[in-house]
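Notes for the one structure printed next.
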Number of protein chains: 2
Amino acid sequence: MTAAARVMARADELAAFTEAPGRITRPLGTASLDGAMELVRKWMQDAGLVTRSDALGNLAGRAAGGPGTLLLGSHLDSVADAGRYDGVLGVLIALECVQELPLSLEVVAFADEDGLRFRSSYLGSRAFLGVLDEADWALRDDAGVTLREAIAGDVEPLVPADLRAYFEVHIEQGPVLEAAGVPLGVVTAIAGQSHATLYFEGVAGHAGTTPMGLRHDALAAAAEFVLAAEQIARDEPGLVATVGRIGVPGGAVNVIPGRVEATLDVRHADDAVCARAIQALRMIGEALRRRRGVRVRWANESGHGATPLTLAPALAELLPGAPLLPSGAGHDAAILAGVTDAAMLFVRCAGGISHHPDEAVAEEDVAAAIEAARAFVRVVAEKACTTS
Amino acid sequence: MTAAARVMARADELAAFTEAPGRITRPLGTASLDGAMELVRKWMQDAGLVTRSDALGNLAGRAAGGPGTLLLGSHLDSVADAGRYDGVLGVLIALECVQELPLSLEVVAFADEDGLRFRSSYLGSRAFLGVLDEADWALRDDAGVTLREAIAGDVEPLVPADLRAYFEVHIEQGPVLEAAGVPLGVVTAIAGQSHATLYFEGVAGHAGTTPMGLRHDALAAAAEFVLAAEQIARDEPGLVATVGRIGVPGGAVNVIPGRVEATLDVRHADDAVCARAIQALRMIGEALRRRRGVRVRWANESGHGATPLTLAPALAELLPGAPLLPSGAGHDAAILAGVTDAAMLFVRCAGGISHHPDEAVAEEDVAAAIEAARAFVRVVAEKACTTS
């Protein structure tokens, strides 16, 4: 059996661990995630790794070598009704990279990246680094159970003291590689994100009796905003802007919308570009107030800056034909890159689809990813030893 | 006490009849509507009218005169949390028009125009004319009670056999008269309406990983549609087009909308204009499919044609300064105009607000409306007698 065939078969095996029969739904702190971790622990042991885990469910397997540790992996938790490769593929390919090296190698399987249960971000990798805080422990799931209550015992950080680099393979979760006709891509950075809720406040009115010239239609204003966000993103390479939700609270077919709620998501690998786009959209909001008498209020603004991946050039050198692209989605690499050199390799996925049962990768693309990952591990290991 | 002061005071008295204390909510088949009808019956009797009513709750008061009947009135039911003038004002001003005439005069108070309980249209005036059908009787309220079950006994049509004309005074429910700075307006027609539900079908995707050029964003397409509807209506005098509801089923802040649902409401006094606007919007939908790969599906299309009010010129002659305007909202006059000559007089209302506790009219505007209504009743009575 080839390494790629083994990865495909193991992804199928792990898909059986779920809280929802017939679907893949594997959140933090559940029997299904525990089961998946135990199976991966067995595979780690078969590969000669010495395993350890923490109370959260994170699992690490170590092949002790020289000083310095190269960490490889991804996560095993999933969203609701997920696909079988998001996270899983990175852990399984990491297992295929175990080889004789001049330093130590660890494979990690994080217990929470998609954050389904607590609507959280990166609980797994942050616990691994020992940086969970009180706000994290106070998070509640839909049943009202806090993270503190859900986890038995203390969570000791598993991170090795001599960590030198982190490397993660992941499905692209986007259509860029497919559109380019190539199997692999080099991630230059985890894009920064800005999220906001927008309230468009106009004046409600009777749809039959209010002439067009006397309206302050909050939805018409919101429509202008949606198209402006799209245009600004189209005009700036690498920028994406999305209005994902919209609604007219209390609206009716025969009432001019007086109030519209919408969400905004803006991402770019360069924080300055993100900030410029937000600034332009705020000016659009001002213009809507002046021109339409519809006020645009920004609320719940949140987000994080971009995280450059320092080992991207080294990975790109190995893959001369591979596109360099930022990751618009968040990944464990965004957390690990805060404490060590990091790289990510994207694998083409069918239709760019992820977080969905239709998520698919081709076995030959997986083979290419394994080959690239093995070579990259050797390059990083050599470089780490010569510079240490 | 002047007639206008009496109308204002009576509107306040009727506001006390409600199913919801502190608000005005007076649907069909309730104690509050019965109470309002009984008080109006007493006022009719005080005015010398001979009253009769039907099982639905419609109330008519007749001053027998020569052959031929001139019918004046409006409705006493309300929407939820209503104002105190919608419908009520037309009944109360009709009472002030009782006078010596060469024909018979009837004041009518319809029991269901706003259709709150059964989400119906014009049950009152249609029962008055004897044209309720099986579908009407099978309507169910929120408790599952059918109209048939809610109404004790048969509903005999109250319409007089010698009906010659119908005249209704109503608040404008729009801002045109206020914007023009005049108290009264002559309604030329009840505008036709087209309603539809629109489904915009694009492709959902990850908001972070799908470049702008590879998207088929259903909301961006819907936004174009909203603005196109607005522009088409702005460019055509008297046309109004409204998208009152919109939503992204299952949408999330970080997901490109794959599907959007929205409603469309288009109205004009000329059916051909309405049809042309719908046709133009269908072409916009086609363009969105070609240009954005987002399909626009039209569903639940309904509506009715415009109803011209034949006595509008006679009313306009009496009120040389009054604007001529279509009614974008439906009124009992739309039903009565199907069987007889009809006219409607609009009274300016504050801010164009209706179906809301803030609904307000000025006493001096009511005085002007009473004067115009009394004069119009004499003109119509004389004309009816000379042409009969």
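We label chains A, B, ... in the order they appear in the structure tokens, count residues from 1 in each chain, and number ligands from 1 in the order shown.
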Counting only C-alpha atoms, which residues of chain A fall within 6 Å of chain B, and what is the closest atom pair for each with its distance in Å at one decimal, ordered by chain and rising number, as a Markdown table?
| residue | atom | partner | partner_atom | distance |
| --- | --- | --- | --- | --- |
| A:Gly174 | CA | B:Thr209 | CA | 4.6 |
| A:Gly208 | CA | B:Gly328 | CA | 3.8 |
| A:Thr209 | CA | B:Gly328 | CA | 4.6 |
| A:Thr210 | CA | B:Gly174 | CA | 5.2 |
| A:Met212 | CA | B:Arg234 | CA | 5.8 |
| A:Ala223 | CA | B:Ala223 | CA | 4.3 |
| A:Arg234 | CA | B:Met212 | CA | 5.8 |
| A:Gly244 | CA | B:Val253 | CA | 4.6 |
| A:Arg245 | CA | B:Gly251 | CA | 5.4 |
| A:Ile246 | CA | B:Gly247 | CA | 5.5 |
| A:Gly247 | CA | B:Gly247 | CA | 5.0 |
| A:Val248 | CA | B:Arg245 | CA | 5.8 |
| A:Gly251 | CA | B:Arg245 | CA | 5.4 |
| A:Ala252 | CA | B:Gly244 | CA | 5.4 |
| A:Val253 | CA | B:Gly244 | CA | 4.6 |
| A:Val255 | CA | B:Gly244 | CA | 5.5 |
| A:Ile256 | CA | B:Gly244 | CA | 5.5 |
| A:Pro257 | CA | B:Gly244 | CA | 5.6 |
| A:Thr263 | CA | B:Val253 | CA | 5.6 |
| A:Gly328 | CA | B:Gly208 | CA | 3.8 |
| A:Ala329 | CA | B:Gly208 | CA | 5.1 |
Worksheet item: CA of Val203 in chain B and CA of His216 in chain B are how many Å apart?
Response: 5.3 Å
Discussion item. As a ChimeraX atom specification, please: every residue in range 206-294 of chain A that DSSP puts in alpha helix (DSSP H).
Written reply: /A:218-234,271-292
Write a file of the just-selected residues containing C-alpha atoms, as a compact mmCIF listing (two decimals), in the first residue's frame.
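Heads up, here's the output in result14.txt:
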# COMPACT_ATOMS: atom_id res chain seq x y z
CA ALA A 218 -32.60 50.80 4.78
CA LEU A 219 -32.39 47.79 2.45
CA ALA A 220 -31.64 49.86 -0.64
CA ALA A 221 -28.82 51.47 1.36
CA ALA A 222 -27.60 48.04 2.49
CA ALA A 223 -27.69 46.84 -1.12
CA GLU A 224 -25.40 49.70 -2.13
CA PHE A 225 -23.08 48.74 0.71
CA VAL A 226 -23.00 45.08 -0.35
CA LEU A 227 -22.03 46.03 -3.89
CA ALA A 228 -19.46 48.58 -2.70
CA ALA A 229 -17.81 45.95 -0.49
CA GLU A 230 -17.70 43.59 -3.47
CA GLN A 231 -16.23 46.24 -5.76
CA ILE A 232 -13.56 47.36 -3.29
CA ALA A 233 -12.45 43.74 -2.85
CA ARG A 234 -12.47 43.09 -6.59
CA ASP A 271 -3.24 44.29 7.67
CA ALA A 272 -2.84 47.71 6.07
CA VAL A 273 -4.92 46.62 3.07
CA CYS A 274 -7.62 45.28 5.39
CA ALA A 275 -7.69 48.54 7.33
CA ARG A 276 -7.86 50.59 4.12
CA ALA A 277 -10.83 48.57 2.91
CA ILE A 278 -12.68 49.04 6.22
CA GLN A 279 -11.94 52.76 6.04
CA ALA A 280 -13.35 52.96 2.51
CA LEU A 281 -16.50 51.13 3.62
CA ARG A 282 -16.96 53.52 6.53
CA MET A 283 -16.88 56.35 4.01
CA ILE A 284 -19.52 54.54 1.95
CA GLY A 285 -21.62 54.42 5.13
CA GLU A 286 -21.19 58.18 5.60
CA ALA A 287 -22.24 58.76 2.00
CA LEU A 288 -25.37 56.64 2.52
CA ARG A 289 -26.33 58.79 5.48
CA ARG A 290 -25.91 62.00 3.52
CA ARG A 291 -27.44 60.81 0.27
CA ARG A 292 -30.21 58.48 1.49
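Using only C-alpha atoms for every distance, the candidate list B:Ala269, B:Ala127, B:Ile370, B:Val169 yields B:Val169 as the residue closest to Gly185 in chain B.
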Worksheet item: Among range 79-328 of chain A, which residues carry a DSSP assignment of strand (DSSP E), reported as a VMD selection string?
Response: chain A and resid 104 to 110 163 to 171 184 to 190 192 to 201 205 to 206 240 to 242 246 to 247 255 to 256 259 to 268 295 to 304 307 to 308 324 to 327
Item to complete: Would you list the contacts of Thr310 in chain B as a PyMOL selection string, taking every protein, DNA or RNA residue within 10 Å and counting only C-alpha atoms, but skipping same-chain residues closer than 5 positions in sequence?
Response: chain B and resi 165+188-189+315+337+340-344
Item to complete: Could you tell me how far CA of Leu129 in chain A lies from CA of Pro157 in chain A, in Å and to one decimal?
Response: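 Atom-to-atom, CA of Leu129 in chain A and CA of Pro157 in chain A are spaced 5.4 Å apart.
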Discussion item. Residues within 7 Å of range 117-126 of chain A, please, as a VMD selection string. Count only C-alpha atoms; anything in the same chain fewer than 5 positions from it doesn't count.
Written reply: chain A and resid 27 to 28 58 110 to 112 131 to 132 139 to 141 332 335
Residue selection dump (all heavy atoms) as a compact mmCIF listing (two decimals), in the first residue's frame:
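Produced file part25.txt, reproduced below:
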# COMPACT_ATOMS: atom_id res chain seq x y z
N PRO A 27 -17.04 17.20 17.80
CA PRO A 27 -16.57 18.36 18.59
C PRO A 27 -15.70 17.95 19.78
O PRO A 27 -15.61 16.76 20.13
CB PRO A 27 -17.87 19.01 19.07
CG PRO A 27 -18.95 18.01 18.88
CD PRO A 27 -18.41 16.83 18.12
N LEU A 28 -15.13 18.97 20.37
CA LEU A 28 -14.29 18.81 21.57
C LEU A 28 -15.04 18.11 22.70
O LEU A 28 -16.22 18.35 22.91
CB LEU A 28 -13.88 20.21 22.04
CG LEU A 28 -13.04 20.30 23.33
CD1 LEU A 28 -11.66 19.71 23.11
CD2 LEU A 28 -12.93 21.76 23.78
N ASN A 58 -5.72 16.97 23.34
CA ASN A 58 -4.59 17.08 22.41
C ASN A 58 -3.71 15.85 22.54
O ASN A 58 -3.48 15.36 23.65
CB ASN A 58 -3.75 18.32 22.72
CG ASN A 58 -4.44 19.63 22.35
OD1 ASN A 58 -5.11 19.71 21.33
ND2 ASN A 58 -4.27 20.64 23.20
N PHE A 110 -4.45 18.23 17.22
CA PHE A 110 -5.13 19.16 18.12
C PHE A 110 -6.60 18.77 18.29
O PHE A 110 -7.24 18.25 17.37
CB PHE A 110 -5.01 20.59 17.61
CG PHE A 110 -3.59 21.11 17.60
CD1 PHE A 110 -2.95 21.43 16.40
CD2 PHE A 110 -2.89 21.26 18.80
CE1 PHE A 110 -1.65 21.89 16.39
CE2 PHE A 110 -1.57 21.73 18.80
CZ PHE A 110 -0.95 22.04 17.59
N ALA A 111 -7.12 19.05 19.49
CA ALA A 111 -8.46 18.59 19.85
C ALA A 111 -9.55 19.61 19.54
O ALA A 111 -10.74 19.29 19.64
CB ALA A 111 -8.51 18.24 21.33
N ASP A 112 -9.17 20.84 19.18
CA ASP A 112 -10.19 21.87 18.92
C ASP A 112 -9.62 22.97 18.07
O ASP A 112 -8.81 23.78 18.54
CB ASP A 112 -10.72 22.46 20.24
CG ASP A 112 -11.86 23.46 20.02
OD1 ASP A 112 -13.03 23.01 19.97
OD2 ASP A 112 -11.57 24.66 19.87
N VAL A 131 -1.56 28.72 26.74
CA VAL A 131 -1.99 30.12 26.77
C VAL A 131 -3.51 30.29 26.85
O VAL A 131 -4.03 31.35 26.51
CB VAL A 131 -1.43 30.90 25.54
CG1 VAL A 131 0.08 30.94 25.61
CG2 VAL A 131 -1.91 30.29 24.24
N LEU A 132 -4.22 29.26 27.29
CA LEU A 132 -5.66 29.46 27.54
C LEU A 132 -5.81 30.40 28.73
O LEU A 132 -5.04 30.35 29.68
CB LEU A 132 -6.36 28.13 27.85
CG LEU A 132 -6.48 27.12 26.71
CD1 LEU A 132 -7.38 25.95 27.14
CD2 LEU A 132 -7.04 27.77 25.46
N LEU A 139 -16.05 29.83 28.72
CA LEU A 139 -16.91 29.61 27.54
C LEU A 139 -17.95 28.53 27.87
O LEU A 139 -17.66 27.56 28.56
CB LEU A 139 -16.07 29.15 26.35
CG LEU A 139 -15.16 30.20 25.70
CD1 LEU A 139 -14.22 29.53 24.71
CD2 LEU A 139 -16.00 31.26 25.00
N ARG A 140 -19.16 28.71 27.35
CA ARG A 140 -20.23 27.74 27.58
C ARG A 140 -20.68 27.12 26.25
O ARG A 140 -20.77 27.79 25.25
CB ARG A 140 -21.44 28.40 28.22
CG ARG A 140 -21.27 28.72 29.68
CD ARG A 140 -22.51 29.37 30.29
NE ARG A 140 -22.19 29.92 31.59
CZ ARG A 140 -22.16 29.20 32.73
NH1 ARG A 140 -22.47 27.91 32.68
NH2 ARG A 140 -21.83 29.75 33.87
N ASP A 141 -20.98 25.82 26.30
CA ASP A 141 -21.55 25.18 25.11
C ASP A 141 -23.07 25.39 25.12
O ASP A 141 -23.61 26.07 25.99
CB ASP A 141 -21.17 23.69 25.06
CG ASP A 141 -21.77 22.88 26.18
OD1 ASP A 141 -22.65 23.40 26.90
OD2 ASP A 141 -21.38 21.71 26.34
N ASP A 332 -4.39 26.17 12.75
CA ASP A 332 -3.53 26.04 13.92
C ASP A 332 -2.18 26.72 13.68
O ASP A 332 -1.57 27.25 14.61
CB ASP A 332 -3.32 24.56 14.25
CG ASP A 332 -4.62 23.91 14.74
OD1 ASP A 332 -5.25 24.47 15.66
OD2 ASP A 332 -5.01 22.88 14.17
N ILE A 335 -1.58 30.07 15.23
CA ILE A 335 -1.21 30.12 16.65
C ILE A 335 0.27 29.73 16.82
O ILE A 335 1.04 30.42 17.48
CB ILE A 335 -2.11 29.17 17.47
CG1 ILE A 335 -3.57 29.60 17.34
CG2 ILE A 335 -1.67 29.15 18.94
CD1 ILE A 335 -3.85 31.02 17.75
Find the residues around range 11-16 of chain B up to 8 Å (only C-alpha atoms counted), leave out those fewer than 5 positions away in its own chain, and share them as a tab-separated table (two decimals) with all heavy atoms, in the first residue's frame.
chain	number	residue	atom	x	y	z
B	24	ILE	N	-54.35	49.49	20.31
B	24	ILE	CA	-55.59	49.33	19.55
B	24	ILE	C	-55.42	48.11	18.64
B	24	ILE	O	-54.62	48.13	17.69
B	24	ILE	CB	-55.89	50.58	18.69
B	24	ILE	CG1	-55.98	51.82	19.58
B	24	ILE	CG2	-57.18	50.37	17.90
B	24	ILE	CD1	-56.10	53.12	18.80
B	36	ALA	N	-67.37	48.35	19.45
B	36	ALA	CA	-67.22	49.53	18.59
B	36	ALA	C	-68.43	49.66	17.67
B	36	ALA	O	-68.97	50.76	17.46
B	36	ALA	CB	-65.93	49.43	17.78
B	84	ARG	N	-55.72	55.28	15.48
B	84	ARG	CA	-57.15	55.42	15.76
B	84	ARG	C	-57.96	55.99	14.61
B	84	ARG	O	-59.15	56.24	14.77
B	84	ARG	CB	-57.36	56.25	17.02
B	84	ARG	CG	-56.76	57.64	17.00
B	84	ARG	CD	-56.90	58.29	18.37
B	84	ARG	NE	-56.19	57.49	19.38
B	84	ARG	CZ	-56.31	57.67	20.70
B	84	ARG	NH1	-57.14	58.59	21.17
B	84	ARG	NH2	-55.62	56.94	21.54
B	85	TYR	N	-57.35	56.21	13.43
B	85	TYR	CA	-58.05	56.89	12.34
B	85	TYR	C	-58.27	56.02	11.10
B	85	TYR	O	-59.21	56.25	10.34
B	85	TYR	CB	-57.32	58.18	11.96
B	85	TYR	CG	-57.21	59.12	13.14
B	85	TYR	CD1	-56.02	59.29	13.82
B	85	TYR	CD2	-58.34	59.79	13.60
B	85	TYR	CE1	-55.95	60.13	14.92
B	85	TYR	CE2	-58.27	60.64	14.71
B	85	TYR	CZ	-57.07	60.80	15.37
B	85	TYR	OH	-57.01	61.61	16.47
B	88	VAL	N	-61.75	54.16	10.79
B	88	VAL	CA	-62.64	54.86	11.72
B	88	VAL	C	-63.02	56.25	11.18
B	88	VAL	O	-64.19	56.65	11.22
B	88	VAL	CB	-61.95	54.97	13.11
B	88	VAL	CG1	-62.68	55.99	13.99
B	88	VAL	CG2	-61.90	53.59	13.77
B	89	LEU	N	-62.02	56.98	10.69
B	89	LEU	CA	-62.27	58.35	10.23
B	89	LEU	C	-63.34	58.37	9.13
B	89	LEU	O	-64.22	59.25	9.12
B	89	LEU	CB	-60.97	58.98	9.71
B	89	LEU	CG	-61.07	60.46	9.32
B	89	LEU	CD1	-61.27	61.33	10.56
B	89	LEU	CD2	-59.82	60.91	8.56
B	92	LEU	N	-66.80	57.85	10.68
B	92	LEU	CA	-67.26	59.00	11.47
B	92	LEU	C	-67.59	60.20	10.59
B	92	LEU	O	-68.56	60.92	10.85
B	92	LEU	CB	-66.18	59.37	12.51
B	92	LEU	CG	-65.91	58.29	13.57
B	92	LEU	CD1	-64.82	58.74	14.53
B	92	LEU	CD2	-67.19	57.93	14.33
Set the distance at 9 Å and use only C-alpha atoms: which residues neighbour range 376-381 of chain A once local chain neighbours fewer than 5 positions away are removed? I'd like the list as a PDB file with C-alpha atoms, in the first residue's frame.
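That gives us selection.pdb:
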ATOM      1  CA  GLY A  68      15.433  20.759  18.653  1.00  0.00           C
ATOM      2  CA  THR A  69      11.914  19.652  17.747  1.00  0.00           C
ATOM      3  CA  LEU A  70      10.116  19.924  14.460  1.00  0.00           C
ATOM      4  CA  LEU A  72       3.992  18.531  12.325  1.00  0.00           C
ATOM      5  CA  CYS A  97       6.758  12.123   7.461  1.00  0.00           C
ATOM      6  CA  GLN A  99      11.866   9.477   9.243  1.00  0.00           C
ATOM      7  CA  LEU A 101      16.337  13.149  11.171  1.00  0.00           C
ATOM      8  CA  PRO A 102      19.134  15.042  12.912  1.00  0.00           C
ATOM      9  CA  LEU A 103      16.560  16.466  15.408  1.00  0.00           C
ATOM     10  CA  SER A 104      13.421  15.328  17.209  1.00  0.00           C
ATOM     11  CA  ARG A 164      12.138  24.878  16.267  1.00  0.00           C
ATOM     12  CA  ALA A 165       9.404  24.889  13.640  1.00  0.00           C
ATOM     13  CA  PHE A 167       4.583  22.570   9.591  1.00  0.00           C
ATOM     14  CA  LEU A 311       9.206  29.267   6.348  1.00  0.00           C
ATOM     15  CA  ALA A 314      11.886  27.581   2.013  1.00  0.00           C
ATOM     16  CA  LEU A 315       8.779  25.599   1.094  1.00  0.00           C
ATOM     17  CA  LEU A 318      11.025  23.060  -3.060  1.00  0.00           C
ATOM     18  CA  GLU A 371       6.430  13.768  -1.155  1.00  0.00           C
ATOM     19  CA  THR A 386      23.126  24.175  10.747  1.00  0.00           C
TER      20      THR A 386
END
